[in-house]
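Q: What follows is entry.tsv, TSV, C-alpha atoms.
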chain	number	residue	atom	x	y	z
A	258	MET	CA	135.55	27.84	-118.72
A	259	SER	CA	133.44	27.13	-115.65
A	260	VAL	CA	134.44	28.31	-112.18
A	261	PRO	CA	135.27	25.48	-109.75
A	262	ASP	CA	132.62	24.85	-107.11
A	263	HIS	CA	134.96	25.62	-104.21
A	264	PHE	CA	135.73	29.05	-105.65
A	265	GLN	CA	132.01	29.75	-106.06
A	266	THR	CA	131.35	28.64	-102.49
A	267	ARG	CA	134.14	30.84	-101.15
A	268	SER	CA	132.92	33.81	-103.19
A	269	GLU	CA	129.37	33.36	-101.89
A	270	SER	CA	130.67	33.09	-98.33
A	271	VAL	CA	132.67	36.31	-98.70
A	272	ARG	CA	129.65	38.09	-100.16
A	273	ARG	CA	127.41	36.90	-97.31
A	274	GLY	CA	129.98	38.09	-94.79
A	275	THR	CA	130.21	41.50	-96.44
A	276	ARG	CA	126.43	41.77	-96.51
A	277	ARG	CA	126.23	40.95	-92.78
A	278	ARG	CA	128.77	43.65	-91.98
A	279	LEU	CA	126.87	46.18	-94.08
A	280	VAL	CA	123.59	45.33	-92.35
A	281	SER	CA	125.22	45.54	-88.90
A	282	ALA	CA	126.73	48.95	-89.66
A	283	ALA	CA	123.42	50.19	-91.11
A	284	ARG	CA	121.55	48.90	-88.05
A	285	SER	CA	123.80	51.02	-85.83
A	286	GLY	CA	123.29	54.12	-87.96
A	287	LEU	CA	119.55	53.66	-88.30
A	288	SER	CA	119.29	53.32	-84.51
A	289	PHE	CA	119.76	57.09	-84.29
A	290	THR	CA	117.72	58.45	-87.19
A	291	GLY	CA	115.68	55.56	-88.60
A	292	LYS	CA	116.32	56.99	-92.07
A	293	VAL	CA	118.49	55.88	-94.97
A	294	THR	CA	120.44	58.96	-96.07
A	295	PRO	CA	123.50	59.51	-98.30
A	296	ASN	CA	125.53	60.22	-95.16
A	297	LEU	CA	124.45	56.94	-93.61
A	298	VAL	CA	125.42	55.01	-96.74
A	299	ASP	CA	128.79	56.77	-96.79
A	300	ASP	CA	129.38	55.93	-93.13
A	301	VAL	CA	128.42	52.29	-93.69
A	302	CYS	CA	130.81	52.04	-96.64
A	303	LYS	CA	133.64	53.62	-94.65
A	304	GLN	CA	133.10	51.24	-91.74
A	305	THR	CA	133.13	48.19	-94.00
A	306	GLY	CA	135.75	49.37	-96.49
A	307	LEU	CA	133.34	49.08	-99.40
A	308	HIS	CA	133.08	51.53	-102.30
A	309	PRO	CA	129.65	53.22	-102.53
A	310	SER	CA	129.11	51.86	-106.06
A	311	ALA	CA	129.70	48.33	-104.77
A	312	PHE	CA	127.22	48.99	-101.97
A	313	ARG	CA	124.45	49.25	-104.55
A	314	THR	CA	125.16	45.74	-105.79
A	315	PHE	CA	124.07	44.54	-102.35
A	316	PHE	CA	121.24	46.99	-101.76
A	317	PRO	CA	119.99	48.65	-104.96
A	318	SER	CA	117.31	50.61	-103.11
A	319	GLU	CA	116.50	52.13	-99.74
A	320	GLU	CA	113.78	49.52	-99.24
A	321	ALA	CA	116.22	46.67	-99.88
A	322	LEU	CA	118.51	47.95	-97.11
A	323	LEU	CA	115.61	48.57	-94.73
A	324	ASP	CA	114.27	45.07	-95.37
A	325	ALA	CA	117.67	43.56	-94.60
A	326	VAL	CA	118.11	45.59	-91.42
A	327	TYR	CA	114.59	44.72	-90.34
A	328	GLU	CA	115.23	41.01	-90.88
A	329	ALA	CA	118.36	41.31	-88.74
A	330	LEU	CA	116.34	43.12	-86.08
A	331	VAL	CA	113.74	40.33	-86.05
A	332	GLU	CA	116.48	37.73	-85.58
A	333	GLU	CA	118.04	39.83	-82.85
A	334	CYS	CA	114.75	40.24	-80.98
A	335	ALA	CA	114.00	36.53	-81.24
A	336	ALA	CA	117.46	35.60	-80.00
A	337	GLN	CA	117.20	37.95	-77.02
A	338	LEU	CA	113.70	36.73	-76.18
A	339	GLN	CA	114.91	33.12	-76.38
A	340	ILE	CA	117.68	33.97	-73.90
A	341	GLY	CA	115.01	35.18	-71.49
A	342	VAL	CA	112.98	32.01	-71.91
A	343	ASP	CA	116.04	29.80	-71.48
A	344	GLN	CA	117.03	31.63	-68.28
A	345	PHE	CA	113.56	31.35	-66.78
A	346	ILE	CA	113.36	28.76	-64.01
A	347	PRO	CA	109.78	28.32	-62.72
A	348	VAL	CA	109.17	27.67	-59.03
A	349	GLY	CA	105.88	25.84	-59.49
A	350	ASN	CA	103.59	28.64	-58.33
A	351	GLU	CA	101.70	29.94	-61.35
A	352	ALA	CA	101.10	33.47	-60.03
A	353	ALA	CA	104.74	33.89	-59.00
A	354	ASP	CA	105.95	32.29	-62.21
A	355	LEU	CA	103.97	34.73	-64.37
A	356	VAL	CA	105.55	37.67	-62.57
A	357	GLU	CA	109.02	36.16	-62.92
A	358	ALA	CA	108.39	35.37	-66.60
A	359	ALA	CA	107.60	39.03	-67.26
A	360	PHE	CA	110.67	40.15	-65.31
A	361	VAL	CA	113.05	37.75	-67.08
A	362	LEU	CA	111.63	38.72	-70.48
A	363	ALA	CA	112.32	42.41	-69.84
A	364	ARG	CA	115.80	41.73	-68.47
A	365	ALA	CA	116.65	39.91	-71.71
A	366	ARG	CA	115.91	43.19	-73.53
A	367	PRO	CA	114.39	41.79	-76.74
A	368	LEU	CA	114.00	45.37	-77.97
A	369	ASP	CA	116.32	48.32	-77.33
A	370	ARG	CA	115.98	52.03	-78.06
A	371	GLY	CA	117.61	51.69	-81.49
A	372	GLY	CA	115.37	48.80	-82.47
A	373	LEU	CA	112.30	50.74	-81.38
A	374	ILE	CA	113.37	53.72	-83.51
A	375	ILE	CA	113.88	51.49	-86.56
A	376	ARG	CA	110.49	49.80	-86.12
A	377	ALA	CA	108.67	53.09	-85.52
A	378	HIS	CA	110.25	54.76	-88.53
A	379	ARG	CA	109.46	51.78	-90.75
A	380	ARG	CA	105.79	51.99	-89.84
A	381	LEU	CA	105.77	55.77	-90.30
A	382	ASN	CA	107.40	55.36	-93.70
A	383	GLY	CA	104.67	52.92	-94.70
A	384	LEU	CA	101.96	55.36	-93.63
A	385	ARG	CA	103.57	58.19	-95.60
A	386	ASN	CA	104.17	56.07	-98.69
A	387	PRO	CA	101.19	53.78	-99.47
A	388	GLY	CA	103.25	51.97	-102.10
A	389	ARG	CA	105.53	50.69	-99.35
A	390	ALA	CA	102.77	49.77	-96.93
A	391	ASP	CA	102.57	46.13	-98.00
A	392	SER	CA	106.25	45.48	-97.28
A	393	VAL	CA	105.78	47.01	-93.82
A	394	VAL	CA	102.74	44.83	-93.14
A	395	GLN	CA	104.60	41.71	-94.25
A	396	ALA	CA	107.58	42.65	-92.09
A	397	GLU	CA	105.32	43.02	-89.05
A	398	LYS	CA	103.80	39.60	-89.73
A	399	ARG	CA	107.26	38.02	-89.96
A	400	PHE	CA	108.16	39.70	-86.68
A	401	LEU	CA	105.21	38.09	-84.91
A	402	VAL	CA	105.66	34.69	-86.55
A	403	GLU	CA	109.28	34.64	-85.38
A	404	LEU	CA	108.32	35.45	-81.79
A	405	VAL	CA	105.11	33.50	-81.26
A	406	GLY	CA	106.74	30.10	-80.76
A	407	ILE	CA	109.10	31.51	-78.14
A	408	LEU	CA	106.20	33.10	-76.25
A	409	VAL	CA	104.33	29.80	-76.37
A	410	GLU	CA	107.41	28.12	-74.88
A	411	LEU	CA	107.55	30.75	-72.15
A	412	MET	CA	103.93	30.16	-71.19
A	413	ILE	CA	104.41	26.38	-71.17
A	414	LYS	CA	107.23	26.84	-68.66
A	415	THR	CA	104.77	28.65	-66.37
A	416	GLY	CA	102.37	25.73	-66.64
A	417	ARG	CA	99.97	27.59	-68.91
A	418	ARG	CA	98.89	27.68	-72.55
A	419	PHE	CA	97.33	30.35	-74.72
A	420	VAL	CA	93.54	30.24	-74.92
A	421	TRP	CA	93.58	33.00	-77.50
A	422	GLN	CA	94.74	32.25	-81.02
A	423	GLU	CA	98.51	32.16	-80.56
A	424	LEU	CA	99.41	34.74	-83.19
A	425	LEU	CA	96.78	37.16	-81.87
A	426	ALA	CA	98.01	36.65	-78.30
A	427	ALA	CA	101.58	37.32	-79.42
A	428	ARG	CA	100.44	40.52	-81.13
A	429	VAL	CA	98.77	41.76	-77.94
A	430	ILE	CA	101.90	41.03	-75.90
A	431	VAL	CA	104.32	42.51	-78.41
A	432	ASP	CA	102.23	45.64	-79.04
A	433	THR	CA	101.65	46.43	-75.36
A	434	TYR	CA	105.28	45.68	-74.51
A	435	GLU	CA	106.53	47.97	-77.28
A	436	ARG	CA	104.18	50.83	-76.45
A	437	SER	CA	105.00	50.59	-72.74
A	438	PHE	CA	108.74	50.46	-73.47
A	439	GLU	CA	108.33	53.57	-75.60
A	440	ALA	CA	106.38	55.35	-72.85
A	441	TRP	CA	109.04	54.36	-70.31
A	442	MET	CA	111.77	56.03	-72.34
A	443	LEU	CA	109.65	59.08	-73.22
A	444	ALA	CA	109.23	59.59	-69.48
A	445	GLY	CA	113.03	59.88	-69.22
A	446	HIS	CA	113.77	56.47	-67.71
A	447	ASP	CA	116.80	54.32	-68.49
A	448	GLU	CA	115.97	51.65	-71.07
A	449	HIS	CA	118.08	49.14	-69.13
A	450	HIS	CA	115.71	49.46	-66.16
A	451	PHE	CA	112.47	48.74	-67.98
A	452	HIS	CA	112.06	45.64	-65.81
A	453	GLU	CA	111.29	48.06	-62.95
A	454	SER	CA	108.26	49.53	-64.74
A	455	ASP	CA	104.68	49.01	-63.62
A	456	TYR	CA	103.98	47.34	-66.95
A	457	ILE	CA	106.50	44.57	-66.27
A	458	ARG	CA	105.82	44.22	-62.56
A	459	ARG	CA	102.03	44.37	-62.71
A	460	THR	CA	100.41	44.65	-66.15
A	461	LEU	CA	102.28	42.00	-68.13
A	462	PRO	CA	101.76	39.20	-65.57
A	463	VAL	CA	98.02	39.96	-65.57
A	464	LEU	CA	98.04	39.99	-69.37
A	465	PHE	CA	99.78	36.61	-69.41
A	466	ALA	CA	97.10	35.25	-67.08
A	467	GLU	CA	94.22	36.63	-69.15
A	468	LEU	CA	95.57	35.23	-72.40
A	469	THR	CA	96.27	31.77	-71.02
A	470	ASP	CA	94.82	28.96	-68.95
A	471	SER	CA	96.44	26.37	-66.73
A	472	VAL	CA	97.37	23.16	-68.53
A	473	LEU	CA	95.96	21.32	-65.51
A	474	THR	CA	92.39	22.60	-66.02
Using structure tokens, write down the structure from this file.

A:
Amino acid sequence: MSVPDHFQTRSESVRRGTRRRLVSAARSGLSFTGKVTPNLVDDVCKQTGLHPSAFRTFFPSEEALLDAVYEALVEECAAQLQIGVDQFIPVGNEAADLVEAAFVLARARPLDRGGLIIRAHRRLNGLRNPGRADSVVQAEKRFLVELVGILVELMIKTGRRFVWQELLAARVIVDTYERSFEAWMLAGHDEHHFHESDYIRRTLPVLFAELTDSVLT
């Protein structure tokens, strides 16, 4: 006897909801260690009320869980970056607008300490385990692809457009932002105040200018 469509739809919806809760709980745990451990899995199961054996039906391997958490992190970063772009109101002066664009981007906090730890550990894991390197490379590409359109939109609002290939320009921005954010925290600064850093106030606006040209020229 076949299962009615509405029961199948409800079952799929419940499963998607459970998966989202598992990923959210794992994201919180991985923000401290970056590693999938038995203790982390136990904590995730306790938080979501799921039996550990059922957990494996969602994520049969460490890589499956890391992939899911990474996808959620990409969506989170993109959403936060989009908030920054949406909040940006240009004044019509390109130099001032580039500075303000950098400031608003940082205030939106597209990447936090936990996200940085997850990304750094994922790359380190790929370096240590060559068999996993390809999945790390593909994840990094998806990260850039998700963000590039938003960065293009940000530059358009300043009255400029990328003169570099857009994906390459996005990589330069994302890589320098991430390394500078990391250096800011390693120096003992509050992650919430990264917008006060020299990188945001001085370097990123110059980088924006070098990677773009005025749409009026």

Q: Which residues of segment 293-392 of chain A come within 12 Å of segment 450-466 of chain A, and for each one, what is the closest pair of atoms and their distance in Å to one decimal, counting only C-alpha atoms, sorted by chain and residue number, as CSV?

A:
residue,atom,partner,partner_atom,distance
A:Glu351,CA,A:Ala466,CA,9.1
A:Ala352,CA,A:Pro462,CA,8.0
A:Ala353,CA,A:Pro462,CA,9.0
A:Asp354,CA,A:Pro462,CA,8.8
A:Leu355,CA,A:Pro462,CA,5.1
A:Val356,CA,A:Pro462,CA,5.1
A:Glu357,CA,A:Pro462,CA,8.3
A:Ala358,CA,A:Pro462,CA,7.7
A:Ala359,CA,A:Ile457,CA,5.7
A:Phe360,CA,A:His452,CA,5.7
A:Val361,CA,A:His452,CA,8.1
A:Leu362,CA,A:His452,CA,8.4
A:Ala363,CA,A:His452,CA,5.2
A:Arg364,CA,A:His452,CA,6.0
A:Ala365,CA,A:His452,CA,9.4
A:Arg366,CA,A:Phe451,CA,8.6
A:Pro367,CA,A:Phe451,CA,11.3
A:Leu368,CA,A:Phe451,CA,10.7
A:Asp369,CA,A:Phe451,CA,10.1
A:Arg370,CA,A:Phe451,CA,11.2

Q: For atom CA of Val348 of chain A and atom CA of Thr469 of chain A, determine how far apart the two atoms are, in Å to one decimal place.

A: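 Between these atoms lies a distance of 18.1 Å.
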
Q: Determine, for each residue of segment 372-464 of chain A having at least one atom at most 9 Å from an atom of segment 275-287 of chain A, the closest pair of atoms and their separation in Å to one decimal, counting only C-alpha atoms; order by chain and ascending number, as JSON lines.

A:
{"residue": "A:Gly372", "atom": "CA", "partner": "A:Arg284", "partner_atom": "CA", "distance": 8.3}
{"residue": "A:Ile374", "atom": "CA", "partner": "A:Leu287", "partner_atom": "CA", "distance": 7.8}
{"residue": "A:Ile375", "atom": "CA", "partner": "A:Leu287", "partner_atom": "CA", "distance": 6.3}

Q: With C-alpha atoms kept, could you save the residues just selected as a PDB file, keeping the file's coordinate frame?

A:
ATOM      1  CA  GLY A 372     115.370  48.800 -82.470  1.00  0.00           C
ATOM      2  CA  ILE A 374     113.370  53.720 -83.510  1.00  0.00           C
ATOM      3  CA  ILE A 375     113.880  51.490 -86.560  1.00  0.00           C
TER       4      ILE A 375
END

Q: Env of Val342 of chain A: 8 Å cut, atoms = all atoms listed in the file, seq-sep filter 2 positions within chain, self excluded. Answer as a PyMOL selection string.

A: chain A and resi 338-340+344-345+358+361-362+407+410-411

Q: Please identify all polymer residues lying at most 10 Å from the point (92.1, 28.2, -76.2) (file coordinates), using only C-alpha atoms, and present the result as a ChimeraX atom specification.

A: /A:418-423,468-470

Q: Give me the residues near segment 376-388 of chain A as JSON, numbers by chain, where near means some atom within 12 Å (using all atoms listed in the file) and where sequence neighbours in that chain fewer than 5 positions away do not count.

A: {"A": [284, 287, 288, 289, 290, 291, 292, 293, 319, 320, 322, 323, 324, 326, 327, 328, 329, 330, 331, 334, 368, 369, 370, 371, 393, 394, 395, 396, 397, 400, 432, 435, 436, 439]}

Q: Within 9 Å of Val431 of chain A, counting only C-alpha atoms, which residues qualify if same-chain residues fewer than 5 places away don't, as a list of chain:residue names?

A: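 Final neighbour list, sorted by chain and number: A:Leu401, A:Leu404, A:Ala426, A:Arg436.
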
Q: Can you tell me how far atom CA of Asp299 of chain A sits from atom CA of Ala325 of chain A, in Å to one decimal?

A: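 Result for atom CA of Asp299 of chain A versus atom CA of Ala325 of chain A: 17.4 Å, one decimal.
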
Q: Have a look at atom CA of Asn296 of chain A and atom CA of Arg273 of chain A and let me know their distance in Å, one decimal.

A: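 That distance, rounded to one decimal, is 23.5 Å.
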
Q: Return the single residue from A:Cys302, A:Met412, A:Leu373, A:Ala440 that is closest to Pro347 of chain A, with distances computed using only C-alpha atoms.

A: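 Selected residue with least distance to Pro347 of chain A: A:Met412.
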
Q: I'd like to know which of A:Glu403, A:Phe312, A:Asn350, A:Gln337 is closest to Arg272 of chain A, using all atoms listed in the file.

A: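 Of the candidates, the smallest distance to Arg272 of chain A is held by A:Phe312.
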
Q: Calculated over all atoms listed in the file, which of the candidates A:Gly416, A:Gly445, A:Gly341, A:Pro317 has the smallest distance to Ser471 of chain A?

A: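 So, comparing all the options, the nearest one is A:Gly416.
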
Q: Given all atoms listed in the file as the basis, pick out the residue of A:Thr305, A:Asp447, A:Ala335, A:Tyr434 nearest to Gly406 of chain A.

A: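 The closest residue to Gly406 of chain A is A:Ala335.
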
Q: Write out N, CA and C atoms for segment 453-467 of chain A, as a compact mmCIF listing (two decimals), in the frame of the given file.

A:
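Now in result.txt:
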# COMPACT_ATOMS: atom_id res chain seq x y z
N GLU A 453 111.81 47.44 -64.17
CA GLU A 453 111.29 48.06 -62.95
C GLU A 453 109.95 48.75 -63.19
N SER A 454 109.49 48.79 -64.42
CA SER A 454 108.26 49.53 -64.74
C SER A 454 107.02 48.82 -64.21
N ASP A 455 105.95 49.58 -64.05
CA ASP A 455 104.68 49.01 -63.62
C ASP A 455 104.16 48.00 -64.65
N TYR A 456 104.44 48.27 -65.92
CA TYR A 456 103.98 47.34 -66.95
C TYR A 456 104.57 45.96 -66.72
N ILE A 457 105.85 45.87 -66.46
CA ILE A 457 106.50 44.57 -66.27
C ILE A 457 106.12 43.96 -64.93
N ARG A 458 106.08 44.76 -63.89
CA ARG A 458 105.82 44.22 -62.56
C ARG A 458 104.36 43.86 -62.32
N ARG A 459 103.45 44.59 -63.00
CA ARG A 459 102.03 44.37 -62.71
C ARG A 459 101.19 44.01 -63.95
N THR A 460 101.31 44.82 -65.00
CA THR A 460 100.41 44.65 -66.15
C THR A 460 100.70 43.39 -66.95
N LEU A 461 101.96 43.15 -67.28
CA LEU A 461 102.28 42.00 -68.13
C LEU A 461 101.93 40.67 -67.48
N PRO A 462 102.19 40.46 -66.18
CA PRO A 462 101.76 39.20 -65.57
C PRO A 462 100.25 38.99 -65.64
N VAL A 463 99.48 40.07 -65.46
CA VAL A 463 98.02 39.96 -65.57
C VAL A 463 97.63 39.63 -67.01
N LEU A 464 98.31 40.25 -67.96
CA LEU A 464 98.04 39.99 -69.37
C LEU A 464 98.34 38.53 -69.70
N PHE A 465 99.45 38.03 -69.21
CA PHE A 465 99.78 36.61 -69.41
C PHE A 465 98.64 35.73 -68.88
N ALA A 466 98.15 36.05 -67.70
CA ALA A 466 97.10 35.25 -67.08
C ALA A 466 95.80 35.30 -67.87
N GLU A 467 95.46 36.48 -68.40
CA GLU A 467 94.22 36.63 -69.15
C GLU A 467 94.26 35.93 -70.50
